[in-house]
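Reviewing the structure listed below.
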Amino acid sequence: METEHIGIQEVQDDPQARALLEAAAAQNYKLPLGFPGFQADLMVQIDDQTSHGRVTGYTPRHITVSLPDTAAHAWAEREMQSILGHRWPTPFAERDGRYTLTLDTTYHPLGVRINLHGDPLQSYYRICDDRITQVYRVMGNQKFTISILDVHILPDGRHLSKHFTVVFQDQAGGSIARSAAYTDRYVAVSNCWLPALRRVIVTDAHEAHTYVLELSNHRLMDEEGTATPLSAYAQPGIRL
């Protein structure tokens, strides 16, 4: 990574920061290269309203959600794009490795801070015990902080998020606009860990809402685009 010029200052890429972030990113589970896509039955509940349908996902940009309720459909589509996007096997060099990285070792209970210079989202990460514990980004007039509270440890040692929070703040004044508490569960289908449950409790200044995304009867797609049910595999799916 080349030096980044900021005004008259030059920010040098820190090899230690790069090594720490790349190693921590490698600990996060990614779908295998050549992931064929999957299909699953879908239940979405928003507070006391429930909707049933189906989801088919090939890539983060190629997701089809079939639900009769408009609000449930829109929320489920956004969440599925996010889930697949965070699990997509994009190389580190094409993700955060594109930026100039620097390290701040000032003590913090969530670990050292790695700054991404040149990132349009003004991101930074905190890393503790070789694991990403916090992510900060800016989008428009809001900033948000993701704090990873707990993870599932997979048999190969990689991680999948279990519990995390997202706090959205006004960029100018810092007041909290809303917060969201997430719980995620997964199921193993062949060599892929696929989403089985996402529950989100969103609280703003006025009220709280609970959203549930539950997937079942997962099927991986084959080369012809046919879904192979979980029951066809020799080993039953392991659930986390």
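Just remember, in the structure tokens the first chain shown is A, the second B, etc., residues are 1-based per chain, and ligands are 1-based in the order shown.
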Given only C-alpha atoms, how would the per-residue table for range 6-113 of chain A near range 170-194 of chain A read, listing every residue at most 9 Å away with its closest atom pair and distance in Å to one decimal, sorted by chain and number, as a Markdown table?
```
| residue | atom | partner | partner_atom | distance |
| --- | --- | --- | --- | --- |
| A:Tyr29 | CA | A:Trp193 | CA | 8.4 |
| A:Lys30 | CA | A:Trp193 | CA | 8.7 |
| A:Leu31 | CA | A:Cys192 | CA | 6.3 |
| A:Pro32 | CA | A:Cys192 | CA | 7.0 |
| A:Phe35 | CA | A:Cys192 | CA | 8.2 |
| A:Phe38 | CA | A:Leu194 | CA | 8.5 |
| A:Leu84 | CA | A:Leu194 | CA | 9.0 |
```
Contact residues around range 136-145 of chain A with only C-alpha atoms at 9 Å, ignoring same-chain residues under 3 positions, as a ChimeraX atom specification: /A:120-126,165-172,174,177
Test item, strand (DSSP E) assignment across range 3-240 of chain A, answer as a PyMOL selection string: chain A and resi 4-6+9-11+38-46+49-59+62-66+100-104+112-117+124-128+131-139+142-153+159-170+176-189+192-204+208-221+227-229
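Distances to Tyr107 in chain A were evaluated for A:Pro60, A:Ile127, A:Leu67, A:Val200 using only C-alpha atoms, and the minimum falls at A:Ile127.
Minimum atom-to-atom distance to Arg198 in chain A, evaluated using only C-alpha atoms, belongs to A:Glu79 out of A:Asp104, A:Asp119, A:Glu79, A:Asp129.
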Distance criterion (only C-alpha atoms): nearest to Thr90 in chain A out of A:Glu207, A:Phe164, A:Pro195, A:Leu33: A:Leu33
Gly53 in chain A surroundings by only C-alpha atoms, 9 Å radius, close-in-sequence under 6 positions cut, as a ChimeraX atom specification: /A:40-44,65-68
Tell me, which residues of range 33-227 of chain A carry DSSP helix (DSSP H, G or I), written as a PDB file with C-alpha atoms, in the first residue's frame?
```
ATOM      1  CA  THR A  70     -44.417  -5.291   1.495  1.00  0.00           C
ATOM      2  CA  ALA A  71     -42.677  -4.178   4.701  1.00  0.00           C
ATOM      3  CA  ALA A  72     -41.500  -7.715   5.511  1.00  0.00           C
ATOM      4  CA  HIS A  73     -40.244  -8.152   1.945  1.00  0.00           C
ATOM      5  CA  ALA A  74     -38.197  -4.936   2.014  1.00  0.00           C
ATOM      6  CA  TRP A  75     -36.635  -5.663   5.412  1.00  0.00           C
ATOM      7  CA  ALA A  76     -35.830  -9.302   4.581  1.00  0.00           C
ATOM      8  CA  GLU A  77     -34.196  -8.309   1.295  1.00  0.00           C
ATOM      9  CA  ARG A  78     -31.949  -5.743   3.014  1.00  0.00           C
ATOM     10  CA  GLU A  79     -30.935  -8.195   5.723  1.00  0.00           C
ATOM     11  CA  MET A  80     -30.169 -10.980   3.267  1.00  0.00           C
ATOM     12  CA  GLN A  81     -28.024  -8.616   1.199  1.00  0.00           C
ATOM     13  CA  SER A  82     -26.130  -7.657   4.342  1.00  0.00           C
ATOM     14  CA  ILE A  83     -25.688 -11.252   5.528  1.00  0.00           C
ATOM     15  CA  LEU A  84     -24.356 -12.483   2.184  1.00  0.00           C
ATOM     16  CA  GLY A  85     -22.300  -9.329   1.696  1.00  0.00           C
ATOM     17  CA  HIS A  86     -20.458  -9.792   4.985  1.00  0.00           C
ATOM     18  CA  ARG A  87     -19.846 -13.477   4.207  1.00  0.00           C
ATOM     19  CA  PHE A  92      -8.732  -8.674   1.769  1.00  0.00           C
ATOM     20  CA  ALA A  93      -6.799  -6.647  -0.811  1.00  0.00           C
ATOM     21  CA  GLU A  94     -10.107  -5.733  -2.456  1.00  0.00           C
ATOM     22  CA  ASP A  96     -10.083  -2.999   3.649  1.00  0.00           C
ATOM     23  CA  GLY A  97      -6.641  -3.802   2.274  1.00  0.00           C
ATOM     24  CA  ARG A  98      -7.214  -1.140  -0.414  1.00  0.00           C
TER      25      ARG A  98
END
```
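Between CA of Arg219 in chain A and CA of Gln39 in chain A lies a distance of 5.1 Å.
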Which of A:His117, A:Asp48, A:Gly34, A:Val135 sits closest to Trp88 in chain A [using only C-alpha atoms]: A:Gly34
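Rounded to one decimal, CA of Gln45 in chain A and CA of Thr64 in chain A lie 18.0 Å from each other.
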